[in-house]
Amino acid sequence: MAAFLVLFFSTWVFFVHGIPVQGNPIPLVIWHGMGDSCCNPISMGAIKKMVENQIPGIYVLSLQIGNSFVEDVENSFFLNVNVQVARVCDQLAKDPKLQQGYNSMGFSQGGQFLRAVAQRCPNPPMRNLISVGGQHQGVYGLPHCPGESSHVCDWIRKLLNSGVYTKVVQDRLVQAEYWHDPLNEEDFRNNSIFLADINQERSVNKSYKSNLQALKKFVMVKFLKDTMVIPPDSEWFAFYKPGQSAHIIPLQNSSLYTEDRLGLREMDKAGKLVFLGVEGDHLQFTHEWFNENILPFLH
Ligand SMILES: *[C@@H]1O[C@H](CO)[C@@H](O)[C@H](O)[C@H]1NC(C)=O
Ligand SMILES: *[C@@H]1O[C@H](CO)[C@@H](O)[C@H](O)[C@H]1NC(C)=O
Ligand SMILES: *[C@@H]1O[C@H](CO)[C@@H](O)[C@H](O)[C@H]1NC(C)=O
């Protein structure tokens, strides 16, 4: 994940014509992806800088989960997501600069984590939620995890295979917490401690629904040539038809939508869901694409 950003960002020029805005710009909270950190100068650090150049005076908070960059990276694999979300909620609630509201932008797994923040923690209010390659129906495969050559990824795959829905794995492995096995939907529903909860698979928490619906826009960016997320359709909240792993059903045909357990159908009708597609592999986009398609949601 970090690797491509090197390629892309190193060729970018961070000078752009800032769009003048009246008053204080709406702050932005960023949550990085798996194996990344808040402040890596070639990934989130570059994004933060880019946004700051585009929107003069904006307060950008790129979340660091833990007390150091190294801990931040480790936690993206091994710190229970429910704990991470609670910590972030606490941090946002205490940040004086965010009290009037903020926009948020999550990269990869950071996309679904920020959705959990929106659903669980309405104060301070999130305005727009931008999910950049987030997996809202989870993943069923981890083909290229960052640092593929390292032992970490092999070990993670082993854990996922050995008992993804056991309590010991669920409590400790982040990627297990949004693992969605379409061949074992009931296991997923009963035992996924994170994704099944925020997707209202076990029961409907009305405040999850009303909190999500309080968003102005929920923007979902899908990478049309994504080889890292299986299935990429999850980035638009779509997933395999239950019981098999070949056919995808769009969000609009899912029970989540037709029963409107999360309020997505109402949001869709109200024009609050924005589905963007970008040519390219996971998290690959150009400066121009970002300015044209994402920047408007940050004002
Ligand atoms: C619904 O979610 C809120 C926010 O996380 C939580 O405080 C509350 O206990 C949940 N309600 C139920 C019925 O689970
Ligand atoms: C899921 O939970 C229900 C209700 O507790 C139970 O009847 C069922 O056997 C569980 N299924 C699996 C696969 O764990
Ligand atoms: C989704 O639903 C529409 C309308 O009910 C139907 O025409 C379409 O075939 C469905 N698509 C899939 C992939 O299930």
# chains A, B, ... in the order shown; residues from 1 in each chain; ligands from 1
>>> residues_near_ligand(ligand="ligand 2", cutoff="8 Å", atoms="only C-alpha atoms and all ligand atoms", output="PDB file with N, CA and C atoms, in the first residue's frame")
ATOM      1  N   ASN A 184     -20.267 -18.878   5.003  1.00  0.00           N
ATOM      2  CA  ASN A 184     -20.659 -19.094   6.400  1.00  0.00           C
ATOM      3  C   ASN A 184     -21.229 -17.821   7.005  1.00  0.00           C
ATOM      4  N   GLU A 186     -23.769 -17.297   8.705  1.00  0.00           N
ATOM      5  CA  GLU A 186     -24.269 -17.372  10.078  1.00  0.00           C
ATOM      6  C   GLU A 186     -23.126 -17.220  11.093  1.00  0.00           C
ATOM      7  N   ASP A 187     -21.999 -17.847  10.769  1.00  0.00           N
ATOM      8  CA  ASP A 187     -20.807 -17.675  11.606  1.00  0.00           C
ATOM      9  C   ASP A 187     -20.408 -16.208  11.680  1.00  0.00           C
ATOM     10  N   ARG A 189     -22.311 -13.600  11.114  1.00  0.00           N
ATOM     11  CA  ARG A 189     -23.347 -12.845  11.824  1.00  0.00           C
ATOM     12  C   ARG A 189     -23.188 -13.020  13.341  1.00  0.00           C
ATOM     13  N   ASN A 190     -22.964 -14.256  13.746  1.00  0.00           N
ATOM     14  CA  ASN A 190     -22.882 -14.526  15.187  1.00  0.00           C
ATOM     15  C   ASN A 190     -21.588 -14.051  15.822  1.00  0.00           C
ATOM     16  N   ASN A 191     -20.503 -14.101  15.080  1.00  0.00           N
ATOM     17  CA  ASN A 191     -19.199 -13.986  15.752  1.00  0.00           C
ATOM     18  C   ASN A 191     -18.305 -12.830  15.350  1.00  0.00           C
TER      19      ASN A 191
END
>>> residues_near_ligand(ligand="ligand 1", cutoff="12 Å", atoms="only C-alpha atoms and all ligand atoms", output="number ranges by chain")
A: 82-83, 85-86, 89, 115-123, 194, 197-200, 202-212
>>> write_last_selection(atoms="N, CA and C atoms", output="CSV table (one decimal), in the first residue's frame")
chain,number,residue,atom,x,y,z
A,82,ASN,N,-12.7,-2.3,17.9
A,82,ASN,CA,-13.7,-1.7,18.8
A,82,ASN,C,-12.9,-0.8,19.8
A,83,VAL,N,-11.8,-1.2,20.2
A,83,VAL,CA,-11.0,-0.4,21.1
A,83,VAL,C,-10.4,0.8,20.4
A,85,VAL,N,-11.7,2.3,17.8
A,85,VAL,CA,-12.8,3.3,17.5
A,85,VAL,C,-13.2,4.0,18.8
A,86,ALA,N,-13.2,3.4,19.9
A,86,ALA,CA,-13.5,4.0,21.2
A,86,ALA,C,-12.5,5.1,21.5
A,89,CYS,N,-12.9,8.1,19.2
A,89,CYS,CA,-14.1,8.8,19.6
A,89,CYS,C,-13.7,9.8,20.7
A,115,ARG,N,-16.6,4.9,9.5
A,115,ARG,CA,-18.0,4.7,9.5
A,115,ARG,C,-18.5,4.3,10.9
A,116,ALA,N,-17.7,3.5,11.5
A,116,ALA,CA,-18.1,3.1,12.9
A,116,ALA,C,-18.1,4.3,13.8
A,117,VAL,N,-17.1,5.2,13.6
A,117,VAL,CA,-17.1,6.4,14.4
A,117,VAL,C,-18.4,7.2,14.2
A,118,ALA,N,-18.8,7.3,12.9
A,118,ALA,CA,-20.0,8.1,12.6
A,118,ALA,C,-21.2,7.5,13.3
A,119,GLN,N,-21.3,6.1,13.3
A,119,GLN,CA,-22.4,5.4,13.8
A,119,GLN,C,-22.5,5.4,15.3
A,120,ARG,N,-21.3,5.3,15.9
A,120,ARG,CA,-21.2,5.2,17.4
A,120,ARG,C,-21.1,6.5,18.1
A,121,CYS,N,-20.5,7.5,17.5
A,121,CYS,CA,-20.1,8.7,18.2
A,121,CYS,C,-20.5,10.0,17.5
A,122,PRO,N,-21.8,10.4,17.8
A,122,PRO,CA,-22.3,11.5,17.0
A,122,PRO,C,-21.7,12.9,17.4
A,123,ASN,N,-21.0,12.9,18.5
A,123,ASN,CA,-20.4,14.2,19.0
A,123,ASN,C,-18.9,14.1,19.1
A,194,PHE,N,-16.8,-6.9,15.0
A,194,PHE,CA,-16.9,-5.5,14.5
A,194,PHE,C,-17.8,-5.3,13.3
A,197,ASP,N,-21.5,-6.1,13.7
A,197,ASP,CA,-22.1,-5.2,14.6
A,197,ASP,C,-22.4,-3.9,13.8
A,198,ILE,N,-21.5,-3.3,13.2
A,198,ILE,CA,-21.8,-2.0,12.5
A,198,ILE,C,-22.7,-2.1,11.4
A,199,ASN,N,-22.8,-3.3,10.8
A,199,ASN,CA,-23.7,-3.6,9.7
A,199,ASN,C,-25.1,-4.1,10.2
A,200,GLN,N,-25.3,-4.0,11.5
A,200,GLN,CA,-26.6,-4.4,12.1
A,200,GLN,C,-27.0,-5.8,11.7
A,202,ARG,N,-26.7,-8.6,13.6
A,202,ARG,CA,-27.3,-9.3,14.8
A,202,ARG,C,-28.6,-8.6,15.3
A,203,SER,N,-28.6,-7.3,15.3
A,203,SER,CA,-29.7,-6.6,15.8
A,203,SER,C,-29.6,-5.2,15.3
A,204,VAL,N,-30.7,-4.4,15.4
A,204,VAL,CA,-30.7,-3.1,14.8
A,204,VAL,C,-30.6,-2.1,16.0
A,205,ASN,N,-29.5,-1.4,16.0
A,205,ASN,CA,-29.3,-0.3,16.9
A,205,ASN,C,-29.8,1.0,16.2
A,206,LYS,N,-30.9,1.5,16.7
A,206,LYS,CA,-31.5,2.7,16.0
A,206,LYS,C,-30.6,3.9,16.0
A,207,SER,N,-29.7,4.0,17.0
A,207,SER,CA,-28.8,5.2,17.0
A,207,SER,C,-27.7,5.0,15.9
A,208,TYR,N,-27.3,3.8,15.6
A,208,TYR,CA,-26.4,3.6,14.4
A,208,TYR,C,-27.0,4.2,13.2
A,209,LYS,N,-28.3,4.0,13.0
A,209,LYS,CA,-29.0,4.4,11.8
A,209,LYS,C,-29.2,5.9,11.8
A,210,SER,N,-29.6,6.5,12.9
A,210,SER,CA,-29.9,7.9,12.9
A,210,SER,C,-28.5,8.7,12.9
A,211,ASN,N,-27.5,8.1,13.5
A,211,ASN,CA,-26.2,8.8,13.4
A,211,ASN,C,-25.6,8.8,12.0
A,212,LEU,N,-25.8,7.7,11.3
A,212,LEU,CA,-25.2,7.6,10.0
A,212,LEU,C,-26.0,8.6,9.1
>>> residues_near_ligand(ligand="ligand 3", cutoff="10 Å", atoms="only C-alpha atoms and all ligand atoms", output="ChimeraX atom specification")
/A:240-241,247-254
>>> residues_around(residues="Gly66 (chain A)", least_positions_apart="3", cutoff="12 Å", atoms="only C-alpha atoms", output="list in words")
Ser37, Cys38, Leu63, Phe69, Val70, Glu71, Asp72, Val73, Glu74, Asn75, Ser76, Phe78, Leu79, Val83, Gln84, Arg87, Val88 and Gln91 of chain A
>>> write_last_selection(atoms="N, CA, C and O atoms", output="compact mmCIF listing (two decimals), in the first residue's frame")
# COMPACT_ATOMS: atom_id res chain seq x y z
N SER A 37 0.77 4.43 8.54
CA SER A 37 0.71 5.21 9.78
C SER A 37 0.20 6.60 9.46
O SER A 37 0.06 6.98 8.31
N CYS A 38 -0.05 7.33 10.53
CA CYS A 38 -0.64 8.67 10.39
C CYS A 38 0.17 9.58 9.50
O CYS A 38 -0.36 10.41 8.77
N LEU A 63 -4.99 10.59 12.08
CA LEU A 63 -5.02 9.82 13.34
C LEU A 63 -3.82 8.91 13.50
O LEU A 63 -3.48 8.15 12.59
N PHE A 69 4.93 5.99 15.69
CA PHE A 69 4.61 5.54 14.33
C PHE A 69 4.62 4.02 14.25
O PHE A 69 3.78 3.40 13.60
N VAL A 70 5.59 3.42 14.95
CA VAL A 70 5.71 1.96 14.91
C VAL A 70 4.47 1.30 15.53
O VAL A 70 3.90 0.38 14.97
N GLU A 71 4.07 1.83 16.66
CA GLU A 71 2.87 1.31 17.33
C GLU A 71 1.64 1.48 16.44
O GLU A 71 0.76 0.63 16.39
N ASP A 72 1.59 2.62 15.77
CA ASP A 72 0.48 2.94 14.88
C ASP A 72 0.35 1.87 13.78
O ASP A 72 -0.74 1.36 13.50
N VAL A 73 1.49 1.50 13.21
CA VAL A 73 1.49 0.46 12.16
C VAL A 73 1.08 -0.89 12.76
O VAL A 73 0.21 -1.58 12.21
N GLU A 74 1.66 -1.25 13.88
CA GLU A 74 1.33 -2.53 14.53
C GLU A 74 -0.14 -2.61 14.88
O GLU A 74 -0.79 -3.64 14.68
N ASN A 75 -0.66 -1.51 15.41
CA ASN A 75 -2.06 -1.50 15.82
C ASN A 75 -3.00 -1.70 14.64
O ASN A 75 -4.12 -2.17 14.81
N SER A 76 -2.56 -1.33 13.44
CA SER A 76 -3.42 -1.52 12.27
C SER A 76 -3.61 -3.00 11.96
O SER A 76 -4.49 -3.37 11.19
N PHE A 78 -3.12 -5.40 14.87
CA PHE A 78 -3.33 -6.18 16.10
C PHE A 78 -4.11 -5.52 17.23
O PHE A 78 -4.27 -6.13 18.28
N LEU A 79 -4.58 -4.32 17.06
CA LEU A 79 -5.38 -3.73 18.14
C LEU A 79 -6.86 -3.80 17.79
O LEU A 79 -7.30 -3.23 16.78
N VAL A 83 -11.78 -1.21 20.20
CA VAL A 83 -10.96 -0.40 21.11
C VAL A 83 -10.43 0.82 20.35
O VAL A 83 -10.46 1.95 20.85
N GLN A 84 -9.98 0.59 19.13
CA GLN A 84 -9.46 1.71 18.32
C GLN A 84 -10.53 2.78 18.11
O GLN A 84 -10.27 3.97 18.27
N ARG A 87 -11.19 4.74 21.24
CA ARG A 87 -10.11 5.70 21.52
C ARG A 87 -10.23 6.92 20.63
O ARG A 87 -10.03 8.05 21.06
N VAL A 88 -10.52 6.66 19.35
CA VAL A 88 -10.65 7.77 18.40
C VAL A 88 -11.83 8.66 18.80
O VAL A 88 -11.72 9.89 18.80
N GLN A 91 -10.76 10.83 21.54
CA GLN A 91 -9.84 11.86 21.07
C GLN A 91 -10.59 12.99 20.35
O GLN A 91 -10.32 14.17 20.57
>>> residues_around(residues="Lys48 (chain A)", least_positions_apart="4", cutoff="8 Å", atoms="only C-alpha atoms", output="ChimeraX atom specification")
/A:44,52,60,62
>>> atom_distance(atom1="CA of Asn80 (chain A)", atom2="CA of Glu185 (chain A)")
21.4 Å
